[in-house]
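Student: Structure supplied as my_file_16.txt; contents: compact mmCIF, C-alpha atoms and all ligand atoms.
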# COMPACT_ATOMS: atom_id res chain seq x y z
CA MET A 1 8.16 8.49 16.04
CA SER A 2 8.49 12.26 16.33
CA LYS A 3 5.41 14.37 16.96
CA GLU A 4 5.88 16.11 13.61
CA MET A 5 6.05 12.81 11.76
CA THR A 6 2.96 11.56 13.55
CA ARG A 7 1.09 14.70 12.61
CA ARG A 8 2.10 14.42 8.98
CA ALA A 9 1.17 10.76 8.88
CA LEU A 10 -2.24 11.56 10.28
CA LEU A 11 -2.76 14.39 7.82
CA ALA A 12 -1.85 12.07 5.02
CA SER A 13 -4.27 9.43 6.20
CA ALA A 14 -7.00 12.03 6.50
CA GLY A 15 -6.66 12.75 2.82
CA MET A 16 -4.71 16.01 2.88
CA GLY A 17 -1.38 14.27 2.58
CA ALA A 18 -2.88 12.01 -0.04
CA ALA A 19 -3.72 15.06 -2.09
CA LEU A 20 -0.16 16.32 -1.75
CA GLY A 21 1.14 12.91 -2.70
CA LEU A 22 -1.19 12.84 -5.66
CA ALA A 23 0.21 16.16 -6.84
CA GLY A 24 3.68 14.69 -6.59
CA ALA A 25 2.59 11.64 -8.47
CA ARG A 26 1.01 13.63 -11.25
CA GLU A 27 4.21 15.61 -11.52
CA ALA A 28 6.11 12.37 -11.61
CA SER A 29 4.06 11.06 -14.50
CA GLY A 30 4.83 14.25 -16.43
CA ALA A 31 8.10 15.87 -17.38
CA ASP A 32 10.27 14.88 -14.45
CA ASN A 33 11.77 11.63 -15.62
CA ALA A 34 14.14 11.43 -12.67
CA SER A 35 11.31 11.05 -10.17
CA VAL A 36 10.60 7.64 -8.77
CA LEU A 37 7.01 7.10 -7.68
CA ILE A 38 6.20 4.89 -4.69
CA VAL A 39 2.51 4.03 -4.39
CA GLY A 40 1.05 2.90 -1.07
CA VAL A 41 -2.39 1.30 -1.05
CA SER A 42 -4.44 1.05 2.12
CA CYS A 43 -7.03 -1.70 1.79
CA SER A 44 -9.19 -1.03 4.82
CA PRO A 45 -12.81 -0.10 4.16
CA ARG A 46 -12.36 2.40 6.99
CA LYS A 47 -10.90 5.53 5.42
CA GLY A 48 -8.06 7.15 7.32
CA LYS A 49 -7.87 4.54 10.07
CA SER A 50 -4.91 2.49 11.24
CA THR A 51 -3.87 0.89 7.95
CA ALA A 52 -3.98 4.23 6.12
CA THR A 53 -2.08 5.97 8.91
CA ALA A 54 0.64 3.32 8.93
CA MET A 55 0.87 3.41 5.14
CA ALA A 56 1.24 7.20 5.22
CA ALA A 57 4.16 6.78 7.63
CA ALA A 58 5.72 4.18 5.34
CA LEU A 59 5.42 6.56 2.40
CA GLU A 60 6.90 9.40 4.39
CA ALA A 61 9.89 7.22 5.25
CA ALA A 62 10.22 6.26 1.60
CA GLN A 63 10.26 9.90 0.63
CA GLY A 64 13.05 10.54 3.13
CA VAL A 65 15.36 8.13 1.29
CA SER A 66 15.98 10.45 -1.67
CA PRO A 67 14.71 13.71 -3.15
CA ARG A 68 13.91 11.70 -6.26
CA ILE A 69 11.18 9.78 -4.46
CA VAL A 70 7.60 11.01 -4.80
CA THR A 71 4.72 9.21 -3.16
CA GLU A 72 1.02 8.63 -3.53
CA LEU A 73 -1.29 7.22 -0.89
CA ILE A 74 -4.33 5.46 -2.29
CA ASP A 75 -6.79 4.97 0.54
CA LEU A 76 -9.40 2.52 -0.70
CA GLY A 77 -11.59 3.33 2.30
CA GLY A 78 -14.92 4.58 1.05
CA LEU A 79 -14.21 3.59 -2.53
CA VAL A 80 -16.19 0.97 -4.40
CA ILE A 81 -13.93 -1.65 -5.95
CA HIS A 82 -15.54 -4.74 -7.45
CA GLY A 83 -13.61 -7.98 -7.67
CA SER A 84 -12.96 -9.72 -10.95
CA ASP A 85 -15.93 -10.81 -13.03
CA GLY A 86 -13.79 -13.62 -14.38
CA SER A 87 -13.25 -12.20 -17.84
CA SER A 88 -9.61 -12.66 -18.72
CA SER A 89 -9.59 -10.49 -21.84
CA THR A 90 -10.48 -7.33 -19.93
CA GLY A 91 -8.50 -8.16 -16.84
CA GLY A 92 -11.74 -8.76 -14.98
CA SER A 93 -14.44 -6.15 -14.46
CA ALA A 94 -12.43 -3.56 -16.36
CA ALA A 95 -15.63 -1.92 -17.54
CA ALA A 96 -17.28 -2.06 -14.12
CA ALA A 97 -18.79 1.17 -12.90
CA ASP A 98 -16.73 1.62 -9.77
CA ASP A 99 -13.79 3.69 -8.52
CA PHE A 100 -10.93 1.53 -9.78
CA ASN A 101 -10.22 3.18 -13.13
CA GLU A 102 -10.35 6.73 -11.80
CA HIS A 103 -8.78 6.41 -8.36
CA VAL A 104 -6.44 3.43 -8.59
CA LEU A 105 -5.29 2.76 -12.13
CA PRO A 106 -3.56 6.06 -13.04
CA ALA A 107 -0.81 5.70 -10.43
CA PHE A 108 -0.16 2.11 -11.47
CA GLU A 109 0.12 3.20 -15.09
CA SER A 110 2.57 6.02 -14.35
CA PRO A 111 5.84 5.60 -16.26
CA ASN A 112 7.58 6.77 -13.08
CA LEU A 113 6.21 3.93 -10.98
CA GLY A 114 9.15 2.51 -9.06
CA GLY A 115 7.71 0.72 -6.05
CA ILE A 116 4.47 -0.46 -4.49
CA MET A 117 3.33 -1.07 -0.92
CA ILE A 118 0.05 -2.77 -0.16
CA GLY A 119 -1.45 -2.87 3.31
CA SER A 120 -4.52 -4.67 4.58
CA PRO A 121 -6.22 -5.13 7.91
CA SER A 122 -6.35 -8.71 9.08
CA TYR A 123 -9.91 -10.01 8.83
CA TYR A 124 -10.19 -13.51 10.25
CA ARG A 125 -6.44 -13.96 9.77
CA SER A 126 -6.79 -13.06 6.11
CA LEU A 127 -6.73 -10.00 3.88
CA SER A 128 -9.82 -7.82 3.60
CA ALA A 129 -12.36 -8.46 0.85
CA LEU A 130 -11.53 -4.97 -0.43
CA CYS A 131 -7.87 -5.93 -0.71
CA LYS A 132 -8.73 -9.10 -2.59
CA ALA A 133 -10.98 -7.17 -4.98
CA PHE A 134 -8.20 -4.62 -5.59
CA LEU A 135 -5.63 -7.35 -6.22
CA GLU A 136 -7.94 -9.11 -8.67
CA ARG A 137 -8.48 -5.91 -10.62
CA LEU A 138 -4.75 -5.45 -11.10
CA ALA A 139 -5.12 -8.22 -13.65
CA ILE A 140 -5.67 -5.48 -16.19
CA LEU A 141 -1.95 -4.72 -15.88
CA ARG A 142 -0.91 -8.25 -16.85
CA GLU A 143 -1.92 -8.17 -20.53
CA PRO A 144 -0.67 -7.78 -23.20
CA VAL A 145 2.53 -7.37 -21.16
CA LEU A 146 3.30 -7.73 -17.47
CA ARG A 147 3.45 -4.01 -16.72
CA LEU A 148 4.38 -4.48 -13.08
CA ALA A 149 7.23 -6.89 -13.77
CA ASP A 150 10.40 -6.08 -11.84
CA ILE A 151 8.70 -3.49 -9.65
CA PRO A 152 9.61 -3.91 -5.95
CA VAL A 153 6.55 -4.70 -3.84
CA GLY A 154 6.30 -4.79 -0.07
CA ALA A 155 3.32 -5.55 2.15
CA MET A 156 1.79 -4.54 5.46
CA GLY A 157 -0.60 -6.34 7.79
CA VAL A 158 -2.60 -4.64 10.56
CA GLY A 159 -4.55 -6.45 13.25
CA SER A 160 -6.09 -5.78 16.62
CA TYR A 161 -4.41 -8.85 18.11
CA ARG A 162 -0.68 -9.08 18.62
CA ASN A 163 -0.57 -12.32 16.65
CA GLY A 164 -3.72 -11.71 14.66
CA GLY A 165 -2.60 -12.92 11.26
CA GLN A 166 -0.51 -9.95 10.14
CA GLU A 167 2.16 -12.19 8.63
CA LEU A 168 -0.49 -14.30 6.89
CA VAL A 169 -1.93 -11.14 5.33
CA ILE A 170 1.52 -10.14 4.09
CA ASP A 171 2.03 -13.60 2.64
CA GLN A 172 -1.31 -13.50 0.83
CA ILE A 173 -0.64 -10.09 -0.69
CA LEU A 174 2.86 -10.97 -1.86
CA THR A 175 1.72 -14.32 -3.26
CA ALA A 176 -0.90 -12.57 -5.38
CA MET A 177 1.61 -9.99 -6.58
CA LEU A 178 4.04 -12.68 -7.70
CA CYS A 179 1.55 -13.28 -10.55
CA HIS A 180 2.85 -9.99 -11.97
CA GLU A 181 6.52 -11.01 -11.86
CA VAL A 182 7.17 -8.29 -9.32
CA LEU A 183 10.22 -8.29 -7.09
CA VAL A 184 9.08 -9.07 -3.59
CA VAL A 185 10.86 -7.19 -0.81
CA GLY A 186 10.51 -7.10 2.95
CA GLY A 187 11.57 -4.21 5.11
CA LYS A 188 14.84 -3.08 6.58
CA PRO A 189 15.81 -5.06 9.66
CA ARG A 190 13.87 -5.85 11.85
CA ALA A 191 10.89 -5.77 9.53
CA HIS A 192 12.16 -8.70 7.50
CA GLN A 193 8.72 -9.87 6.38
CA GLY A 194 7.20 -6.46 5.86
CA ALA A 195 5.27 -4.14 8.16
CA THR A 196 3.27 -5.72 10.98
CA LEU A 197 1.12 -3.50 13.15
CA TRP A 198 -0.96 -3.99 16.25
CA ASN A 199 -4.04 -1.80 16.64
CA GLY A 200 -4.44 -3.03 20.19
CA PHE A 201 -5.11 -0.01 22.39
CA GLY A 202 -8.82 0.24 21.74
CA ASP A 203 -8.71 3.76 20.33
CA ASP A 204 -7.61 3.16 16.71
CA ASP A 205 -4.46 5.23 17.31
CA ILE A 206 -1.96 3.03 15.52
CA THR A 207 0.86 5.47 16.25
CA ARG A 208 0.86 4.09 19.80
CA ASP A 209 2.31 0.87 18.41
CA GLU A 210 5.84 2.18 18.17
CA LEU A 211 7.36 -1.12 17.10
CA GLY A 212 4.73 -1.51 14.38
CA MET A 213 5.19 2.03 13.15
CA GLU A 214 8.92 1.42 12.98
CA SER A 215 8.24 -1.63 10.82
CA ALA A 216 6.10 0.54 8.53
CA ARG A 217 8.91 3.05 8.14
CA ASN A 218 11.40 0.24 7.56
CA LEU A 219 9.19 -1.12 4.82
CA GLY A 220 8.99 2.29 3.17
CA MET A 221 12.74 2.75 3.23
CA ARG A 222 13.43 -0.69 1.81
CA VAL A 223 10.95 -0.32 -1.05
CA ALA A 224 12.37 3.12 -1.87
CA GLU A 225 15.95 1.85 -1.84
CA ALA A 226 15.04 -1.07 -4.10
CA ALA A 227 13.09 1.20 -6.44
CA LEU A 228 16.02 3.59 -6.82
CA LYS A 229 18.38 0.72 -7.51
CA LEU A 230 16.12 -0.70 -10.19
CA LYS A 231 15.23 2.61 -11.83
CA GLY A 232 18.92 3.49 -12.10
C1 LIG B 301 -14.51 -8.84 10.17
C2 LIG B 301 -13.28 -8.52 10.98
C3 LIG B 301 -12.40 -9.53 11.29
C4 LIG B 301 -11.25 -9.26 12.01
N1 LIG B 301 -10.37 -10.27 12.25
C5 LIG B 301 -9.20 -9.99 12.87
C6 LIG B 301 -8.21 -11.01 13.02
O1 LIG B 301 -8.37 -12.16 12.61
N2 LIG B 301 -7.05 -10.67 13.63
C7 LIG B 301 -6.80 -9.41 14.10
O2 LIG B 301 -5.73 -9.16 14.64
N3 LIG B 301 -7.72 -8.42 13.95
C8 LIG B 301 -8.89 -8.69 13.34
N4 LIG B 301 -9.81 -7.68 13.13
C9 LIG B 301 -9.47 -6.32 13.59
C10 LIG B 301 -8.84 -5.46 12.48
O3 LIG B 301 -7.83 -6.13 11.80
C11 LIG B 301 -8.23 -4.20 13.11
O4 LIG B 301 -9.23 -3.47 13.77
C12 LIG B 301 -7.54 -3.31 12.11
O5 LIG B 301 -6.82 -2.33 12.78
C13 LIG B 301 -8.50 -2.65 11.15
O6 LIG B 301 -7.78 -1.81 10.27
P1 LIG B 301 -8.23 -0.28 10.03
O7 LIG B 301 -8.09 0.40 11.38
O8 LIG B 301 -7.29 0.24 9.03
O9 LIG B 301 -9.64 -0.32 9.58
C14 LIG B 301 -10.99 -7.94 12.46
C15 LIG B 301 -11.89 -6.92 12.15
C16 LIG B 301 -13.02 -7.20 11.43
C17 LIG B 301 -13.96 -6.07 11.08
Transcribe the structure of this file into structure tokens.
Ligand SMILES: Cc1cc2nc3c(=O)[nH]c(=O)nc-3n(C[C@H](O)[C@H](O)[C@H](O)COP(=O)(O)O)c2cc1C
Tutor:
Amino acid sequence: MSKEMTRRALLASAGMGAALGLAGAREASGADNASVLIVGVSCSPRKGKSTATAMAAALEAAQGVSPRIVTELIDLGGLVIHGSDGSSSTGGSAAAADDFNEHVLPAFESPNLGGIMIGSPSYYRSLSALCKAFLERLAILREPVLRLADIPVGAMGVGSYRNGGQELVIDQILTAMLCHEVLVVGGKPRAHQGATLWNGFGDDDITRDELGMESARNLGMRVAEAALKLKG
């Protein structure tokens, strides 16, 4: 990873890049019909940490695929997202007073939405509770029609152990998203499953995991390529 790319990824994870991405996304949902929006969601409760940094790098790689690609990083760190309350008619907790409707939903409702990446830290070889809550709330996009149908979706798992459940996390995310009739994608070779990252250096600097960061970029490129193909 070049120094410049690392810097931009870090800026994005710190929120500045997210703001830029948001501007792009807003633009995408407006007049520019040719734009294809790729949304990356970081599901760590720790804002701007390794999952967010890796997701920012994946989005940057996605953006590099074509000038048509615009990106938005949604860092759920610090946001309050309740899980489903079990009510099917509202998609579960749709009226809950939390950050979902304001900070998450608009990007997913954008007519320019072309691809989605979802990343979670591995907690006990499983996705984070925040990620599960977020996934449950996407139920609002299933009725009356499956709004996310045929959207390419890729996943990312981040753990502090080399074999800490990253692939299980990916599997859990993609399994949930299949309930939307999405098109599941992995990454470019060698990230066949998706992005798997190892936060194993004790300093939360995920960019030191070069192999993992490469898998993040490969995920971003694959999702962008698939999105462009499907958007025409
Ligand atoms: C409750 C908890 C459970 C965890 N369980 C695992 C685990 O099973 N496997 C693993 O590799 N890392 C585990 N970790 C470490 C996190 O996955 C790791 O620190 C990750 O980088 C956190 O992502 P973040 O930096 O984006 O917050 C656990 C951390 C916490 C807080």
Student: Using all atoms listed in the file, determine which residues fall within 10 Å of ligand LIG 301 (chain B), then list them as number ranges by chain.
Tutor: A: 42-55, 75, 77, 119-129, 157-166, 168-169, 197-200, 202-206
Student: For each of A:Gly115, A:Gly83, A:Gly78, A:Gly186, take the minimum atom-to-atom distance to Leu228 (chain A), counting only C-alpha atoms, then give the residue where this is smallest.
Tutor: A:Gly115
Student: Of the residues A:Thr175, A:Ala58, A:Leu141, A:Val104, which is the one nearest to Ala191 (chain A), using all atoms listed in the file?
Tutor: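 Checking each of A:Thr175, A:Ala58, A:Leu141, A:Val104 against Ala191 (chain A), counting all atoms listed in the file, the winner is A:Ala58.
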Student: With distances taken over only C-alpha atoms, which of A:Leu130, A:Met221, A:Ala34, A:Cys179 is nearest to Gly64 (chain A)?
Tutor: A:Met221
Student: Can you work out which one of A:Pro67, A:Pro106, A:Gly40, A:Gly114 has the shortest atom-to-atom distance to Gly220 (chain A), counting all atoms listed in the file?
Tutor: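 Residue with the minimum atom-to-atom distance to Gly220 (chain A): A:Gly40.
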Student: Anything within 8 Å of (7.3, -9.3, 5.0): list those residues as a list in words, counting only C-alpha atoms and sticking to the file's coordinates.
Tutor: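 I get Gly154, Ala155, Met156, Glu167, Ile170, Asp171, Val185, Gly186, Gly187, Ala191, His192, Gln193, Gly194 and Ala195 of chain A for the residues within 8 Å of that point.
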Student: Please indicate the distance in Å from CA of Gly86 (chain A) to CA of Glu102 (chain A), rounded to one decimal place.
Tutor: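 About the pair CA of Gly86 (chain A) and CA of Glu102 (chain A): they are 20.8 Å apart.
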Student: To one decimal place, how far is CA of Pro144 (chain A) from CA of Phe100 (chain A) in Å?
Tutor: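 Separating CA of Pro144 (chain A) from CA of Phe100 (chain A) is a distance of 19.3 Å.
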